[in-house]
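Novice: If it helps, the file is called model.cif and holds mmCIF, C-alpha atoms:
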```
data_run
#
loop_
_atom_site.group_PDB
_atom_site.id
_atom_site.type_symbol
_atom_site.label_atom_id
_atom_site.label_comp_id
_atom_site.auth_asym_id
_atom_site.auth_seq_id
_atom_site.Cartn_x
_atom_site.Cartn_y
_atom_site.Cartn_z
ATOM 1 C CA MET A 1 3.138 -4.874 2.669
ATOM 2 C CA PRO A 2 4.384 -1.694 1.064
ATOM 3 C CA ALA A 3 6.426 -2.028 -2.027
ATOM 4 C CA ALA A 4 9.223 0.415 -2.292
ATOM 5 C CA ARG A 5 10.377 0.208 1.276
ATOM 6 C CA ASP A 6 13.927 0.847 2.352
ATOM 7 C CA ASP A 7 15.698 -2.075 3.944
ATOM 8 C CA GLY A 8 18.942 -0.709 5.363
ATOM 9 C CA GLY A 9 20.121 1.214 2.290
ATOM 10 C CA TRP A 10 18.285 -0.970 -0.245
ATOM 11 C CA VAL A 11 15.140 -0.018 -2.159
ATOM 12 C CA CYS A 12 12.670 -2.468 -3.645
ATOM 13 C CA LEU A 13 11.948 -1.663 -7.308
ATOM 14 C CA GLY A 14 9.717 -4.577 -8.230
ATOM 15 C CA LEU A 15 7.988 -7.827 -7.390
ATOM 16 C CA VAL A 16 8.328 -10.931 -9.570
ATOM 17 C CA GLY A 17 5.001 -12.372 -10.681
ATOM 18 C CA ARG A 18 4.024 -15.261 -12.897
ATOM 19 C CA PRO A 19 6.221 -16.605 -15.695
ATOM 20 C CA LYS A 20 5.439 -15.706 -19.285
ATOM 21 C CA GLY A 21 6.309 -18.292 -21.893
ATOM 22 C CA VAL A 22 8.742 -21.174 -21.553
ATOM 23 C CA ARG A 23 12.106 -19.385 -21.856
ATOM 24 C CA GLY A 24 12.376 -17.780 -18.423
ATOM 25 C CA ALA A 25 10.551 -14.489 -18.966
ATOM 26 C CA MET A 26 8.463 -13.266 -16.049
ATOM 27 C CA ARG A 27 5.991 -10.527 -15.344
ATOM 28 C CA ILE A 28 7.275 -8.020 -12.789
ATOM 29 C CA THR A 29 5.140 -5.464 -10.977
ATOM 30 C CA THR A 30 7.271 -2.330 -10.907
ATOM 31 C CA TYR A 31 7.506 0.369 -8.259
ATOM 32 C CA THR A 32 9.251 2.869 -10.500
ATOM 33 C CA ALA A 33 7.654 5.961 -12.069
ATOM 34 C CA ARG A 34 8.344 4.498 -15.522
ATOM 35 C CA PRO A 35 7.988 0.692 -15.484
ATOM 36 C CA GLU A 36 11.029 0.115 -17.725
ATOM 37 C CA ASP A 37 13.241 1.913 -15.184
ATOM 38 C CA VAL A 38 13.171 -1.220 -13.030
ATOM 39 C CA ALA A 39 16.239 -2.216 -15.103
ATOM 40 C CA ALA A 40 17.833 1.257 -15.287
ATOM 41 C CA TYR A 41 19.959 1.251 -12.133
ATOM 42 C CA GLY A 42 22.301 -1.668 -12.711
ATOM 43 C CA PRO A 43 21.845 -5.205 -11.448
ATOM 44 C CA VAL A 44 18.892 -6.079 -9.232
ATOM 45 C CA TYR A 45 19.210 -8.222 -6.137
ATOM 46 C CA ASP A 46 16.860 -10.936 -4.880
ATOM 47 C CA ARG A 47 17.256 -9.552 -1.333
ATOM 48 C CA PRO A 48 19.335 -6.757 0.175
ATOM 49 C CA GLY A 49 22.941 -7.776 -0.419
ATOM 50 C CA GLY A 50 21.841 -11.014 -2.095
ATOM 51 C CA ARG A 51 22.560 -12.360 -5.558
ATOM 52 C CA ALA A 52 22.961 -9.707 -8.278
ATOM 53 C CA ARG A 53 21.421 -10.294 -11.711
ATOM 54 C CA MET A 54 21.045 -8.107 -14.762
ATOM 55 C CA LEU A 55 17.470 -7.553 -15.865
ATOM 56 C CA ASP A 56 16.431 -7.207 -19.526
ATOM 57 C CA VAL A 57 12.982 -5.769 -20.250
ATOM 58 C CA ASP A 58 11.069 -7.311 -23.181
ATOM 59 C CA GLU A 59 7.614 -5.717 -22.829
ATOM 60 C CA VAL A 60 6.226 -2.717 -20.913
ATOM 61 C CA GLY A 61 2.721 -2.127 -19.561
ATOM 62 C CA PRO A 62 1.177 0.211 -17.011
ATOM 63 C CA GLY A 63 2.936 -0.675 -13.742
ATOM 64 C CA TRP A 64 4.562 -3.861 -15.034
ATOM 65 C CA VAL A 65 7.134 -5.283 -17.385
ATOM 66 C CA VAL A 66 7.862 -8.665 -18.861
ATOM 67 C CA ALA A 67 11.567 -9.218 -18.337
ATOM 68 C CA ARG A 68 14.304 -11.800 -18.108
ATOM 69 C CA LEU A 69 16.777 -12.133 -15.269
ATOM 70 C CA ALA A 70 20.264 -13.307 -16.216
ATOM 71 C CA GLY A 71 20.650 -17.032 -15.556
ATOM 72 C CA ILE A 72 16.915 -17.793 -15.611
ATOM 73 C CA GLU A 73 16.438 -19.876 -18.745
ATOM 74 C CA ASP A 74 13.126 -21.731 -18.399
ATOM 75 C CA ARG A 75 9.596 -21.491 -17.033
ATOM 76 C CA ASP A 76 10.331 -23.589 -13.928
ATOM 77 C CA ALA A 77 13.247 -21.349 -12.909
ATOM 78 C CA ALA A 78 11.084 -18.266 -13.489
ATOM 79 C CA ARG A 79 8.203 -19.763 -11.482
ATOM 80 C CA ALA A 80 10.566 -20.452 -8.563
ATOM 81 C CA LEU A 81 11.158 -16.693 -8.306
ATOM 82 C CA THR A 82 7.460 -15.784 -8.084
ATOM 83 C CA GLY A 83 7.003 -13.471 -5.105
ATOM 84 C CA THR A 84 10.661 -12.386 -5.045
ATOM 85 C CA ARG A 85 11.259 -8.685 -4.465
ATOM 86 C CA LEU A 86 13.943 -7.030 -6.577
ATOM 87 C CA TYR A 87 16.231 -4.532 -4.846
ATOM 88 C CA VAL A 88 18.921 -2.024 -5.761
ATOM 89 C CA PRO A 89 21.253 -0.131 -3.431
ATOM 90 C CA ARG A 90 19.761 3.258 -2.498
ATOM 91 C CA ALA A 91 23.018 4.847 -3.723
ATOM 92 C CA ALA A 92 22.242 3.635 -7.286
ATOM 93 C CA LEU A 93 19.173 5.886 -7.477
ATOM 94 C CA PRO A 94 19.383 9.559 -8.458
ATOM 95 C CA GLU A 95 18.556 12.182 -5.855
ATOM 96 C CA PRO A 96 14.890 13.179 -6.153
ATOM 97 C CA GLU A 97 13.993 16.637 -7.379
ATOM 98 C CA ASP A 98 12.806 19.354 -4.978
ATOM 99 C CA GLU A 99 9.492 18.534 -3.310
ATOM 100 C CA ALA A 100 9.753 14.914 -4.507
ATOM 101 C CA PHE A 101 10.573 11.947 -2.295
ATOM 102 C CA TYR A 102 11.166 8.248 -2.685
ATOM 103 C CA HIS A 103 8.492 6.244 -0.904
ATOM 104 C CA ALA A 104 11.302 4.393 0.862
ATOM 105 C CA ASP A 105 12.474 7.694 2.363
ATOM 106 C CA LEU A 106 9.022 8.498 3.780
ATOM 107 C CA ILE A 107 8.306 5.114 5.359
ATOM 108 C CA GLY A 108 9.247 5.158 9.021
ATOM 109 C CA LEU A 109 9.048 8.931 9.487
ATOM 110 C CA ARG A 110 7.336 10.227 12.623
ATOM 111 C CA ALA A 111 4.134 12.113 11.874
ATOM 112 C CA GLU A 112 3.567 15.107 14.139
ATOM 113 C CA ARG A 113 0.625 17.479 14.405
ATOM 114 C CA VAL A 114 1.069 21.185 13.709
ATOM 115 C CA ASP A 115 1.205 21.832 17.484
ATOM 116 C CA GLY A 116 4.160 19.412 17.753
ATOM 117 C CA GLY A 117 2.166 16.590 19.315
ATOM 118 C CA PRO A 118 2.648 13.023 18.088
ATOM 119 C CA TYR A 119 0.284 11.741 15.421
ATOM 120 C CA GLY A 120 1.864 8.413 14.444
ATOM 121 C CA MET A 121 4.400 6.798 12.121
ATOM 122 C CA VAL A 122 4.367 6.510 8.313
ATOM 123 C CA ARG A 123 3.821 2.822 7.724
ATOM 124 C CA ALA A 124 3.384 2.828 3.928
ATOM 125 C CA VAL A 125 2.782 4.988 0.886
ATOM 126 C CA TRP A 126 -0.088 3.876 -1.341
ATOM 127 C CA ASN A 127 -1.333 5.049 -4.706
ATOM 128 C CA HIS A 128 -4.565 3.873 -6.308
ATOM 129 C CA GLY A 129 -4.245 6.256 -9.245
ATOM 130 C CA ALA A 130 -5.588 9.456 -7.705
ATOM 131 C CA GLY A 131 -2.429 10.504 -5.857
ATOM 132 C CA ASP A 132 -0.210 9.280 -3.072
ATOM 133 C CA LEU A 133 -1.609 8.461 0.354
ATOM 134 C CA LEU A 134 0.381 8.112 3.557
ATOM 135 C CA GLU A 135 -0.692 5.284 5.819
ATOM 136 C CA ILE A 136 -0.144 6.535 9.363
ATOM 137 C CA ALA A 137 -0.038 4.015 12.216
ATOM 138 C CA PRO A 138 -0.785 5.456 15.649
ATOM 139 C CA THR A 139 2.073 5.237 18.136
ATOM 140 C CA GLU A 140 -0.209 3.584 20.711
ATOM 141 C CA GLY A 141 -1.517 0.893 18.334
ATOM 142 C CA GLY A 142 -4.875 0.544 16.636
ATOM 143 C CA GLU A 143 -6.157 1.043 13.096
ATOM 144 C CA THR A 144 -4.244 3.160 10.607
ATOM 145 C CA VAL A 145 -5.307 6.403 8.915
ATOM 146 C CA LEU A 146 -4.752 7.324 5.262
ATOM 147 C CA LEU A 147 -3.785 10.928 4.619
ATOM 148 C CA PRO A 148 -3.372 12.494 1.174
ATOM 149 C CA PHE A 149 0.250 13.405 0.473
ATOM 150 C CA THR A 150 -0.489 17.006 -0.492
ATOM 151 C CA ARG A 151 0.902 20.366 0.632
ATOM 152 C CA ALA A 152 -2.415 21.114 2.346
ATOM 153 C CA VAL A 153 -2.156 18.028 4.584
ATOM 154 C CA VAL A 154 1.597 17.379 4.823
ATOM 155 C CA LEU A 155 2.998 20.778 5.707
ATOM 156 C CA GLU A 156 6.625 19.794 6.170
ATOM 157 C CA VAL A 157 8.874 16.836 5.369
ATOM 158 C CA ASP A 158 12.146 16.816 7.291
ATOM 159 C CA LEU A 159 14.043 13.680 6.281
ATOM 160 C CA ALA A 160 17.109 14.636 8.337
ATOM 161 C CA ALA A 161 15.005 14.879 11.511
ATOM 162 C CA GLY A 162 12.963 11.775 10.602
ATOM 163 C CA ARG A 163 9.608 13.533 10.759
ATOM 164 C CA LEU A 164 6.801 15.189 8.881
ATOM 165 C CA VAL A 165 4.166 17.647 10.059
ATOM 166 C CA VAL A 166 0.539 16.912 9.210
ATOM 167 C CA ALA A 167 -2.702 18.869 9.319
ATOM 168 C CA PRO A 168 -5.328 16.143 8.772
ATOM 169 C CA PRO A 169 -8.385 17.224 6.795
ATOM 170 C CA GLU A 170 -11.655 17.403 8.712
ATOM 171 C CA THR A 171 -12.915 14.280 6.932
ATOM 172 C CA VAL A 172 -10.194 12.280 8.699
ATOM 173 C CA ASP A 173 -10.378 11.764 12.448
ATOM 174 C CA ALA A 174 -7.778 13.862 14.252
ATOM 175 C CA GLU A 175 -6.356 10.763 15.911
ATOM 176 C CA PRO A 176 -5.068 7.695 14.083
ATOM 177 C CA GLY A 177 -6.886 4.548 15.047
ATOM 178 C CA GLU A 178 -10.281 5.039 13.460
ATOM 179 C CA ALA A 179 -9.787 4.544 9.694
ATOM 180 C CA GLY A 180 -8.641 1.685 7.435
ATOM 181 C CA GLY A 181 -5.640 1.065 5.155
ATOM 182 C CA GLY A 182 -5.029 0.309 1.460
ATOM 183 C CA GLU A 183 -2.672 -1.193 -1.119
ATOM 184 C CA THR A 184 0.441 0.138 -2.832
ATOM 185 C CA GLY A 185 2.549 1.035 -5.767
ATOM 186 C CA GLY A 186 5.020 3.712 -6.745
ATOM 187 C CA ASP A 187 8.611 4.568 -6.100
ATOM 188 C CA GLY A 188 8.265 8.313 -5.917
ATOM 189 C CA ALA A 189 5.902 10.685 -4.245
ATOM 190 C CA GLU A 190 5.397 14.332 -5.042
ATOM 191 C CA ARG A 191 3.431 16.938 -3.196
#
```
As structure tokens, please, write out the structure in this file.

Specialist:
Amino acid sequence: MPAARDDGGWVCLGLVGRPKGVRGAMRITTYTARPEDVAAYGPVYDRPGGRARMLDVDEVGPGWVVARLAGIEDRDAARALTGTRLYVPRAALPEPEDEAFYHADLIGLRAERVDGGPYGMVRAVWNHGAGDLLEIAPTEGGETVLLPFTRAVVLEVDLAAGRLVVAPPETVDAEPGEAGGGETGGDGAER
């Protein structure tokens, strides 16, 4: 499941992992450009509109933090939150710079070919360290296709119209349904 997906005006910034120590600290996989920014936008919520808690970061690593959520005082309480996604209201995030997009804003967009024909729907945005990839699900069902999120492949992003225009590279089949998917990370995509 993609990380930073939008859920009705809410954006997921992290995923709670295993506890660290006995005083309620937990490892959190972050979906922010800078891991410590998972705590930069005010309280986090355990689900859209759920319980708000302040988050204090103790340690930062590549793509993760060790942090404490207010009210979580011991290892058992921290362990009970394992697998919990942490959300903030979309309005708490700054507007992205030109030619930059939040992953949550791209997920769900229609993908159209240059000639205007349907190509599929953006299902997820993945990043394995070599750049962002759009996972496109065909509108008729079947396997997904991964396309690099570059200017050469994604020619236009029109958030207001809910679409993007793609020119798949020759190494990718012209029709979704013949390639596999991947795994995720990242809160922002740039072309």

Novice: Once the PyMOL selection byres ((chain A and resi 19-36) around 9) has been applied to the shown file, what residues remain in the selection, as a PyMOL selection string?

Specialist: chain A and resi 3-4+12-18+37-40+57-69+71-79+81-82+184-188

Novice: Work out how far apart atom CA of Ala70 of chain A and atom CA of Arg53 of chain A are and give it in Å to one decimal.

Specialist: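 Atom CA of Arg53 of chain A lies 5.5 Å from atom CA of Ala70 of chain A.
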
Novice: Let me have the centre and edge lengths of the axis-aligned box enclosing all listed atoms of segment 89-93 of chain A with 3 Å padding on every side, in Å to one decimal, as lines of an AutoDock Vina configuration file.

Specialist:
```
center_x = 21.1
center_y = 2.9
center_z = -5.0
size_x = 9.8
size_y = 12.0
size_z = 11.0
```

Novice: For the point (1.2, 4.8, 1.7) in file coordinates, what residues are within 6 Å, counting all atoms listed in the file? Give the answer as number ranges by chain?

Specialist: A: 124-126, 133-135

Novice: The selected residues should be written to file as a PDB file, in the frame of the given file (atoms: C-alpha atoms).

Specialist:
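Wrote selection-v8.pdb, looks like this:
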```
ATOM      1  CA  ALA A 124       3.384   2.828   3.928  1.00  0.00           C
ATOM      2  CA  VAL A 125       2.782   4.988   0.886  1.00  0.00           C
ATOM      3  CA  TRP A 126      -0.088   3.876  -1.341  1.00  0.00           C
ATOM      4  CA  LEU A 133      -1.609   8.461   0.354  1.00  0.00           C
ATOM      5  CA  LEU A 134       0.381   8.112   3.557  1.00  0.00           C
ATOM      6  CA  GLU A 135      -0.692   5.284   5.819  1.00  0.00           C
TER       7      GLU A 135
END
```

Novice: Here is a test: counting all atoms listed in the file, which residue of A:Ala137, A:Val154, A:Val44, A:Leu106 is nearest to Arg85 of chain A?

Specialist: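 Once distances to Arg85 of chain A are computed over all atoms listed in the file, the minimum belongs to A:Val44.
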
Novice: I'd like to know which of A:Gly108, A:Gly131, A:Gly50, A:Gly120 is closest to Pro168 of chain A, using only C-alpha atoms.

Specialist: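 Going through A:Gly108, A:Gly131, A:Gly50, A:Gly120 one by one, the smallest distance to Pro168 of chain A is for A:Gly120.
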
Novice: Please provide as JSON, numbers by chain all residues within 7 Å of Ala111 of chain A, with the sequence filter that same-chain residues fewer than 3 positions apart are discarded (counting all atoms listed in the file).

Specialist: {"A": [118, 119, 120, 121, 122, 163, 164, 165, 166]}

Novice: Please compute the atom CA of Pro43 of chain A-atom CA of Asp56 of chain A distance, one decimal, in Å.

Specialist: 9.9 Å

Novice: Report, in Å with one decimal, the straight-line distance from atom CA of Arg90 of chain A to atom CA of Val11 of chain A.

Specialist: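 Between these atoms lies a distance of 5.7 Å.
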